[in-house]
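Asks: To be precise about what I am sending: the file is called my_file30.csv and holds CSV, C-alpha atoms.
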chain,number,residue,atom,x,y,z
A,259,MET,CA,-12.1,-3.0,9.4
A,260,GLU,CA,-14.0,-2.3,6.2
A,261,LEU,CA,-13.4,0.8,4.2
A,262,SER,CA,-15.6,3.8,5.0
A,263,LEU,CA,-16.0,6.8,2.7
A,264,ALA,CA,-17.9,10.0,3.5
A,265,THR,CA,-17.9,13.3,1.5
A,266,ARG,CA,-18.6,16.8,2.7
A,267,THR,CA,-18.1,20.2,1.1
A,268,VAL,CA,-16.2,23.1,2.8
A,269,GLY,CA,-16.4,26.2,0.6
A,270,GLU,CA,-14.7,25.3,-2.7
A,271,HIS,CA,-13.2,22.2,-1.3
A,272,THR,CA,-14.5,18.7,-1.3
A,273,VAL,CA,-13.4,16.7,1.7
A,274,LEU,CA,-13.4,12.9,1.4
A,275,GLU,CA,-13.1,11.2,4.8
A,276,VAL,CA,-11.6,7.8,4.6
A,277,GLY,CA,-11.7,5.2,7.3
A,278,GLY,CA,-10.7,1.6,7.8
A,279,GLU,CA,-8.3,-0.4,5.6
A,280,VAL,CA,-7.2,0.7,2.1
A,281,ASP,CA,-5.7,-2.3,0.4
A,282,VAL,CA,-5.6,-4.2,-2.8
A,283,TYR,CA,-9.2,-5.3,-2.1
A,284,THR,CA,-10.8,-2.0,-1.1
A,285,ALA,CA,-8.7,0.5,-3.1
A,286,PRO,CA,-10.9,0.1,-6.2
A,287,ARG,CA,-13.8,1.6,-4.2
A,288,LEU,CA,-11.7,4.5,-3.2
A,289,ARG,CA,-10.7,5.0,-6.9
A,290,GLU,CA,-14.3,4.9,-8.0
A,291,ARG,CA,-15.4,7.5,-5.4
A,292,LEU,CA,-12.6,9.9,-6.3
A,293,LEU,CA,-13.4,9.5,-10.0
A,294,GLU,CA,-17.1,10.2,-9.3
A,295,LEU,CA,-16.1,13.4,-7.4
A,296,ILE,CA,-13.7,14.6,-10.0
A,297,ASP,CA,-16.1,13.7,-12.9
A,298,GLY,CA,-18.8,15.5,-11.0
A,299,GLY,CA,-16.9,18.7,-11.1
A,300,ALA,CA,-14.9,18.7,-7.8
A,301,ARG,CA,-11.6,20.5,-8.5
A,302,HIS,CA,-10.2,21.0,-5.0
A,303,VAL,CA,-10.1,17.7,-3.2
A,304,VAL,CA,-8.9,17.0,0.4
A,305,VAL,CA,-8.6,13.4,1.4
A,306,ASP,CA,-8.7,13.0,5.2
A,307,LEU,CA,-6.8,9.8,6.2
A,308,GLY,CA,-7.4,10.4,9.9
A,309,ARG,CA,-9.4,7.2,10.4
A,310,VAL,CA,-7.4,5.0,8.2
A,311,ASP,CA,-5.7,2.1,10.0
A,312,PHE,CA,-4.1,0.5,7.1
A,313,LEU,CA,-2.8,1.8,3.7
A,314,ASP,CA,-0.8,-0.1,1.2
A,315,SER,CA,0.8,0.5,-2.2
A,316,THR,CA,-2.5,0.0,-4.1
A,317,GLY,CA,-4.1,2.7,-2.0
A,318,LEU,CA,-1.1,5.0,-2.5
A,319,GLY,CA,-1.4,4.4,-6.3
A,320,VAL,CA,-5.1,5.5,-6.2
A,321,LEU,CA,-4.1,8.7,-4.4
A,322,VAL,CA,-1.4,9.5,-6.9
A,323,GLY,CA,-3.9,8.8,-9.7
A,324,ALA,CA,-6.3,11.4,-8.2
A,325,LEU,CA,-3.5,13.9,-7.8
A,326,LYS,CA,-2.5,13.6,-11.5
A,327,ARG,CA,-6.0,13.9,-12.7
A,328,LEU,CA,-6.7,17.0,-10.7
A,329,ARG,CA,-3.4,18.6,-11.6
A,330,SER,CA,-4.2,18.1,-15.3
A,331,ALA,CA,-7.6,19.7,-14.7
A,332,ALA,CA,-6.0,22.8,-13.0
A,333,GLY,CA,-7.3,21.6,-9.7
A,334,SER,CA,-5.7,20.7,-6.4
A,335,PHE,CA,-5.3,17.7,-4.2
A,336,ALA,CA,-4.1,17.5,-0.6
A,337,LEU,CA,-4.0,14.8,2.1
A,338,VAL,CA,-4.7,15.1,5.9
A,339,CYS,CA,-2.7,12.7,8.0
A,340,ASP,CA,-1.2,13.0,11.5
A,341,LYS,CA,-0.5,9.4,12.3
A,342,GLU,CA,3.2,8.5,12.5
A,343,PRO,CA,2.8,5.0,11.0
A,344,LEU,CA,1.1,6.4,8.0
A,345,LEU,CA,3.5,9.3,7.7
A,346,LYS,CA,6.4,6.8,7.7
A,347,ILE,CA,4.8,5.1,4.7
A,348,PHE,CA,4.8,8.4,2.8
A,349,ARG,CA,8.4,9.1,3.8
A,350,ILE,CA,9.7,5.7,2.8
A,351,THR,CA,8.1,5.8,-0.6
A,352,ALA,CA,9.2,9.5,-1.1
A,353,LEU,CA,5.5,10.3,-1.7
A,354,ASP,CA,5.8,12.9,1.1
A,355,GLN,CA,7.6,15.0,-1.7
A,356,VAL,CA,4.7,14.5,-4.1
A,357,PHE,CA,1.6,15.1,-1.9
A,358,PRO,CA,0.8,18.2,0.2
A,359,LEU,CA,0.4,16.6,3.6
A,360,HIS,CA,-1.4,18.4,6.5
A,361,PRO,CA,-2.2,17.5,10.1
A,362,THR,CA,-5.8,18.8,9.9
A,363,VAL,CA,-8.5,19.5,7.3
A,364,ASP,CA,-8.5,23.2,8.3
A,365,ALA,CA,-4.7,23.4,7.7
A,366,ALA,CA,-5.1,21.6,4.3
A,367,ILE,CA,-7.8,24.0,3.2
A,368,SER,CA,-6.1,27.2,4.3
A,369,ALA,CA,-2.7,26.1,2.7
A,370,ASP,CA,-4.5,25.1,-0.5
A,371,SER,CA,-6.5,28.4,-0.7
A,372,ALA,CA,-3.3,30.5,0.0
A,373,GLY,CA,-1.3,28.4,-2.6
A,374,ALA,CA,-4.0,29.0,-5.2
A,375,GLY,CA,-3.8,32.7,-4.7
A,376,ALA,CA,-7.5,32.8,-3.8
B,21,MET,CA,10.6,-24.5,15.3
B,22,ALA,CA,6.9,-24.0,14.6
B,23,THR,CA,5.7,-23.5,11.1
B,24,VAL,CA,2.3,-22.1,9.9
B,25,LYS,CA,1.5,-22.5,6.2
B,26,LEU,CA,-1.3,-20.7,4.4
B,27,SER,CA,-2.2,-21.0,0.8
B,28,PHE,CA,-4.9,-18.9,-0.9
B,29,SER,CA,-6.5,-18.4,-4.3
B,30,PRO,CA,-5.0,-15.4,-5.9
B,31,ALA,CA,-7.8,-13.0,-5.1
B,32,PRO,CA,-7.4,-9.5,-3.5
B,33,VAL,CA,-9.9,-10.3,-0.8
B,34,HIS,CA,-7.7,-13.0,0.7
B,35,VAL,CA,-4.7,-10.7,1.2
B,36,ARG,CA,-6.2,-9.3,4.3
B,37,THR,CA,-6.5,-12.8,5.8
B,38,ALA,CA,-2.8,-13.4,5.1
B,39,ARG,CA,-1.9,-10.2,6.9
B,40,LEU,CA,-4.0,-11.1,9.9
B,41,VAL,CA,-2.5,-14.6,10.1
B,42,GLY,CA,1.0,-13.3,9.6
B,43,VAL,CA,0.7,-10.8,12.4
B,44,ALA,CA,-1.0,-13.3,14.7
B,45,VAL,CA,1.9,-15.7,14.2
B,46,ALA,CA,4.5,-12.9,14.6
B,47,ARG,CA,3.0,-11.9,17.9
B,48,ARG,CA,3.0,-15.6,19.0
B,49,ALA,CA,6.6,-15.9,17.9
B,50,GLY,CA,7.7,-13.0,20.1
B,51,VAL,CA,8.2,-10.2,17.5
B,52,ARG,CA,8.2,-6.8,19.3
B,53,GLU,CA,4.9,-5.1,19.4
B,54,ASP,CA,6.3,-1.9,17.7
B,55,LEU,CA,7.4,-4.0,14.7
B,56,LEU,CA,3.9,-5.6,14.1
B,57,ASP,CA,2.6,-2.7,11.9
B,58,GLU,CA,5.6,-3.2,9.7
B,59,VAL,CA,5.2,-7.0,9.6
B,60,ARG,CA,1.5,-6.4,8.6
B,61,LEU,CA,2.4,-4.0,5.8
B,62,ALA,CA,5.3,-6.1,4.4
B,63,ILE,CA,3.3,-9.4,4.3
B,64,GLY,CA,0.4,-7.5,2.7
B,65,GLU,CA,2.8,-6.0,0.0
B,66,ALA,CA,4.4,-9.3,-0.7
B,67,CYS,CA,1.0,-11.0,-1.1
B,68,THR,CA,-0.4,-8.2,-3.1
B,69,ARG,CA,2.5,-8.5,-5.5
B,70,ALA,CA,2.0,-12.3,-5.8
B,71,VAL,CA,-1.7,-11.9,-6.4
B,72,ALA,CA,-1.1,-9.3,-9.1
B,73,LEU,CA,1.4,-11.5,-10.9
B,74,HIS,CA,-0.9,-14.5,-10.8
B,75,ARG,CA,-3.7,-12.4,-12.2
B,76,GLN,CA,-1.4,-10.9,-14.8
B,77,TYR,CA,-0.4,-14.4,-16.1
B,78,GLY,CA,-3.9,-15.9,-15.6
B,79,LEU,CA,-2.6,-18.4,-13.0
B,80,ALA,CA,-5.2,-20.1,-10.7
B,81,ASP,CA,-2.5,-21.7,-8.6
B,82,PRO,CA,-2.6,-20.6,-4.9
B,83,VAL,CA,-0.2,-18.1,-3.4
B,84,LEU,CA,1.8,-19.8,-0.6
B,85,VAL,CA,2.7,-18.0,2.7
B,86,GLU,CA,4.9,-19.9,5.1
B,87,MET,CA,5.7,-18.5,8.5
B,88,SER,CA,8.3,-20.0,10.8
B,89,ASP,CA,9.8,-19.0,14.1
B,90,GLY,CA,13.2,-20.8,14.5
B,91,GLY,CA,15.2,-18.2,16.4
B,92,SER,CA,13.8,-15.4,14.3
B,93,TYR,CA,10.4,-14.8,12.5
B,94,ALA,CA,10.8,-15.8,8.8
B,95,VAL,CA,8.0,-15.3,6.3
B,96,ARG,CA,8.1,-16.7,2.7
B,97,VAL,CA,5.6,-15.6,0.1
B,98,VAL,CA,5.8,-17.7,-3.0
B,99,ASP,CA,4.2,-17.0,-6.4
B,100,ARG,CA,4.2,-19.2,-9.5
B,101,ALA,CA,4.7,-16.5,-12.1
B,102,PRO,CA,7.5,-16.6,-14.7
B,103,ILE,CA,10.7,-15.5,-13.0
B,104,GLU,CA,11.5,-12.6,-15.4
B,105,ALA,CA,8.3,-10.9,-14.2
B,106,GLY,CA,9.0,-11.3,-10.5
B,107,ILE,CA,12.6,-10.2,-10.2
B,108,GLY,CA,12.4,-6.9,-12.1
B,109,LEU,CA,11.4,-4.9,-9.0
B,110,THR,CA,12.7,-1.4,-8.6
B,111,ALA,CA,11.9,1.5,-6.3
B,112,LEU,CA,11.1,4.7,-8.1
B,113,PRO,CA,12.8,8.1,-7.4
B,114,PRO,CA,10.4,10.8,-6.2
B,115,ASP,CA,10.5,12.9,-9.4
B,116,GLU,CA,9.1,9.9,-11.3
B,117,LEU,CA,6.3,9.1,-8.9
B,118,ALA,CA,4.0,11.7,-10.2
B,119,ASN,CA,5.2,11.5,-13.7
B,120,GLU,CA,2.2,11.6,-16.1
B,121,SER,CA,3.5,8.8,-18.3
B,122,LEU,CA,4.0,6.3,-15.5
B,123,THR,CA,1.2,3.7,-15.5
B,124,ASP,CA,-0.8,3.1,-12.3
B,125,GLU,CA,0.5,-0.5,-12.4
B,126,ALA,CA,4.1,0.5,-12.6
B,127,LEU,CA,3.6,3.1,-9.9
B,128,THR,CA,2.0,0.6,-7.5
B,129,THR,CA,4.7,-2.0,-8.2
B,130,GLY,CA,7.5,0.6,-7.5
B,131,VAL,CA,5.8,1.9,-4.4
B,132,GLY,CA,5.2,-1.6,-3.1
B,133,PHE,CA,8.8,-2.5,-3.5
B,134,ALA,CA,9.9,0.7,-1.8
B,135,LEU,CA,7.7,-0.3,1.1
B,136,LEU,CA,9.1,-3.8,1.3
B,137,ALA,CA,12.7,-2.6,1.1
B,138,GLY,CA,12.0,0.2,3.5
B,139,PHE,CA,10.3,-1.9,6.2
B,140,VAL,CA,12.2,-5.2,6.0
B,141,GLU,CA,15.9,-5.1,6.9
B,142,ASP,CA,16.4,-8.7,6.0
B,143,LEU,CA,14.7,-9.1,2.6
B,144,GLN,CA,15.4,-11.4,-0.3
B,145,VAL,CA,13.6,-11.8,-3.6
B,146,ARG,CA,14.8,-14.9,-5.5
B,147,PRO,CA,13.7,-17.6,-7.8
B,148,VAL,CA,12.1,-20.6,-6.1
B,149,ASP,CA,14.3,-23.7,-5.7
B,150,GLU,CA,12.0,-25.9,-7.7
B,151,GLY,CA,9.7,-25.1,-10.6
B,152,ILE,CA,8.6,-21.7,-11.8
B,153,GLY,CA,8.1,-18.7,-9.5
B,154,THR,CA,9.7,-16.3,-7.1
B,155,GLU,CA,9.9,-16.2,-3.3
B,156,VAL,CA,10.0,-13.1,-1.2
B,157,ARG,CA,11.7,-13.9,2.1
B,158,MET,CA,11.4,-11.6,5.0
B,159,VAL,CA,13.0,-12.1,8.4
B,160,TRP,CA,12.4,-10.2,11.7
B,161,PRO,CA,14.1,-10.6,15.0
B,162,VAL,CA,12.2,-12.1,18.0
B,163,GLY,CA,12.7,-10.3,21.3
B,164,ARG,CA,12.5,-13.1,23.9
Using structure tokens, write down the structure that the file contains.
Replies:
Amino acid sequence: MELSLATRTVGEHTVLEVGGEVDVYTAPRLRERLLELIDGGARHVVVDLGRVDFLDSTGLGVLVGALKRLRSAAGSFALVCDKEPLLKIFRITALDQVFPLHPTVDAAISADSAGAGA
Amino acid sequence: MATVKLSFSPAPVHVRTARLVGVAVARRAGVREDLLDEVRLAIGEACTRAVALHRQYGLADPVLVEMSDGGSYAVRVVDRAPIEAGIGLTALPPDELANESLTDEALTTGVGFALLAGFVEDLQVRPVDEGIGTEVRMVWPVGR
């Protein structure tokens, strides 16, 4: 399935809903969208992977890139994922220790707001 | 033993085709349904790595994927890049993954290898028998 990207705003947070396959072919489009959001001033970004059916190392690389960029801009970055096959990918690569991972968008936003001391 | 061979120009758009074919042949060979996600991911990672190496070295040669089901399901992904480039694969420890100085390329390579090693119990990365290049060989059991 083709990559789909949809953005919405929830308070201070920008939520990017990703669907379909994130791989070596489609990951550059995800990178571009994240850069557009960050360059456009988004500082608290939540990427919802709920409708992703495939994610490879290139996609993970793009997500780490966004995390680093937001961290250096005093922002925050969190992922929403509750699918076991995807969670296993994060565990195997040890990226579950790098990303804040939440089961729902609401959980990601409330954890992020609490963590920021807002 | 049945064999399916696929060779494709080293372009990212074809990696998805290789994944689809690889999973279709795995299913036909009798690989358990619950392993097919891992087969899909591992074939994708091996092909992504081969495409990246061909592009890095400006090689137009096709990437070869060979699938065979003689008692188990074996997949070979063969690239034609200089060997020293292909063998130097390492998984990265967690504290290095988000390290600022790590390039995106190195990160993706490290994560890709972690996925291959994590999902494929029977994995070999070795020089090809003839000529220049590396082969990634992955084997899964068939549950007949």
Asks: Considering all atoms listed in the file, return as number ranges by chain whatever protein or nucleic-acid residues lie within 7 Å of Ser29 in chain B, sequence-local ones (same chain, fewer than 6 positions apart) excluded.
Replies: B: 80-83
Asks: Figure out the distance between CA of Arg100 in chain B and CA of Gly78 in chain B, please, to one decimal in Å.
Replies: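 Interatomic distance, CA of Gly78 in chain B to CA of Arg100 in chain B: 10.7 Å.
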Asks: For CA of Glu86 in chain B and CA of Thr23 in chain B, quote the distance in Å rounded to one decimal.
Replies: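 Value for the CA of Glu86 in chain B-CA of Thr23 in chain B distance: 7.0 Å.
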Asks: In the coordinates of the file, take the point (-11.1, 19.1, -6.4) and a cut-off of 9 Å; then, counting all atoms listed in the file, name each qualifying protein, DNA or RNA residue as a PyMOL selection string.
Replies: chain A and resi 270-273+295-296+299-304+328+333-335
Asks: Please report as a list in words which residues of chain A come no farther than 9 Å from chain B, using all atoms listed in the file.
Replies: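 Within 9 Å of chain B on chain A, we get Asp281, Val282, Tyr283, Thr284, Phe312, Leu313, Asp314, Ser315, Thr316, Gly317, Leu318, Gly319, Val320, Val322, Gly323, Leu325, Lys326, Pro343, Ile347, Ile350, Thr351, Ala352, Leu353, Asp354, Gln355 and Val356 of chain A.
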Asks: Suppose you want the space between CA of Gly277 in chain A and CA of Leu261 in chain A; what is it in Å?
Replies: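 According to the coordinates, CA of Gly277 in chain A and CA of Leu261 in chain A are separated by 5.6 Å.
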Asks: N, CA and C atoms are what I want for range 260-280 of chain A; can you complete it accordingly and write them as a PDB file, in the frame of the given file?
Replies:
ATOM      1  N   GLU A 260     -13.631  -2.650   7.604  1.00  0.00           N
ATOM      2  CA  GLU A 260     -14.000  -2.300   6.200  1.00  0.00           C
ATOM      3  C   GLU A 260     -13.722  -0.841   5.901  1.00  0.00           C
ATOM      4  N   LEU A 261     -13.637  -0.593   4.626  1.00  0.00           N
ATOM      5  CA  LEU A 261     -13.400   0.800   4.200  1.00  0.00           C
ATOM      6  C   LEU A 261     -14.642   1.627   4.389  1.00  0.00           C
ATOM      7  N   SER A 262     -14.478   2.843   4.893  1.00  0.00           N
ATOM      8  CA  SER A 262     -15.600   3.800   5.000  1.00  0.00           C
ATOM      9  C   SER A 262     -15.254   5.047   4.216  1.00  0.00           C
ATOM     10  N   LEU A 263     -16.232   5.595   3.516  1.00  0.00           N
ATOM     11  CA  LEU A 263     -16.000   6.800   2.700  1.00  0.00           C
ATOM     12  C   LEU A 263     -17.155   7.779   2.975  1.00  0.00           C
ATOM     13  N   ALA A 264     -16.839   9.018   3.322  1.00  0.00           N
ATOM     14  CA  ALA A 264     -17.900  10.000   3.500  1.00  0.00           C
ATOM     15  C   ALA A 264     -17.394  11.350   2.933  1.00  0.00           C
ATOM     16  N   THR A 265     -18.282  12.014   2.227  1.00  0.00           N
ATOM     17  CA  THR A 265     -17.900  13.300   1.500  1.00  0.00           C
ATOM     18  C   THR A 265     -18.636  14.444   2.153  1.00  0.00           C
ATOM     19  N   ARG A 266     -17.916  15.557   2.299  1.00  0.00           N
ATOM     20  CA  ARG A 266     -18.600  16.800   2.700  1.00  0.00           C
ATOM     21  C   ARG A 266     -17.930  17.949   1.916  1.00  0.00           C
ATOM     22  N   THR A 267     -18.628  19.071   1.880  1.00  0.00           N
ATOM     23  CA  THR A 267     -18.100  20.200   1.100  1.00  0.00           C
ATOM     24  C   THR A 267     -17.798  21.342   2.132  1.00  0.00           C
ATOM     25  N   VAL A 268     -16.609  21.924   1.968  1.00  0.00           N
ATOM     26  CA  VAL A 268     -16.200  23.100   2.800  1.00  0.00           C
ATOM     27  C   VAL A 268     -15.817  24.184   1.815  1.00  0.00           C
ATOM     28  N   GLY A 269     -16.711  25.128   1.584  1.00  0.00           N
ATOM     29  CA  GLY A 269     -16.400  26.200   0.600  1.00  0.00           C
ATOM     30  C   GLY A 269     -16.218  25.564  -0.772  1.00  0.00           C
ATOM     31  N   GLU A 270     -15.046  25.854  -1.367  1.00  0.00           N
ATOM     32  CA  GLU A 270     -14.700  25.300  -2.700  1.00  0.00           C
ATOM     33  C   GLU A 270     -14.158  23.916  -2.633  1.00  0.00           C
ATOM     34  N   HIS A 271     -13.906  23.464  -1.408  1.00  0.00           N
ATOM     35  CA  HIS A 271     -13.200  22.200  -1.300  1.00  0.00           C
ATOM     36  C   HIS A 271     -14.170  21.015  -0.993  1.00  0.00           C
ATOM     37  N   THR A 272     -13.837  19.898  -1.607  1.00  0.00           N
ATOM     38  CA  THR A 272     -14.500  18.700  -1.300  1.00  0.00           C
ATOM     39  C   THR A 272     -13.651  17.829  -0.416  1.00  0.00           C
ATOM     40  N   VAL A 273     -14.186  17.465   0.742  1.00  0.00           N
ATOM     41  CA  VAL A 273     -13.400  16.700   1.700  1.00  0.00           C
ATOM     42  C   VAL A 273     -13.916  15.256   1.711  1.00  0.00           C
ATOM     43  N   LEU A 274     -13.026  14.320   1.416  1.00  0.00           N
ATOM     44  CA  LEU A 274     -13.400  12.900   1.400  1.00  0.00           C
ATOM     45  C   LEU A 274     -12.750  12.286   2.690  1.00  0.00           C
ATOM     46  N   GLU A 275     -13.589  11.859   3.613  1.00  0.00           N
ATOM     47  CA  GLU A 275     -13.100  11.200   4.800  1.00  0.00           C
ATOM     48  C   GLU A 275     -13.020   9.722   4.616  1.00  0.00           C
ATOM     49  N   VAL A 276     -11.821   9.190   4.788  1.00  0.00           N
ATOM     50  CA  VAL A 276     -11.600   7.800   4.600  1.00  0.00           C
ATOM     51  C   VAL A 276     -11.331   7.094   5.898  1.00  0.00           C
ATOM     52  N   GLY A 277     -11.935   5.935   6.115  1.00  0.00           N
ATOM     53  CA  GLY A 277     -11.700   5.200   7.300  1.00  0.00           C
ATOM     54  C   GLY A 277     -11.477   3.715   7.053  1.00  0.00           C
ATOM     55  N   GLY A 278     -10.824   3.016   7.980  1.00  0.00           N
ATOM     56  CA  GLY A 278     -10.700   1.600   7.800  1.00  0.00           C
ATOM     57  C   GLY A 278      -9.405   1.187   7.081  1.00  0.00           C
ATOM     58  N   GLU A 279      -9.495   0.121   6.291  1.00  0.00           N
ATOM     59  CA  GLU A 279      -8.300  -0.400   5.600  1.00  0.00           C
ATOM     60  C   GLU A 279      -8.393  -0.132   4.104  1.00  0.00           C
ATOM     61  N   VAL A 280      -7.336   0.498   3.586  1.00  0.00           N
ATOM     62  CA  VAL A 280      -7.200   0.700   2.100  1.00  0.00           C
ATOM     63  C   VAL A 280      -6.185  -0.212   1.619  1.00  0.00           C
TER      64      VAL A 280
END
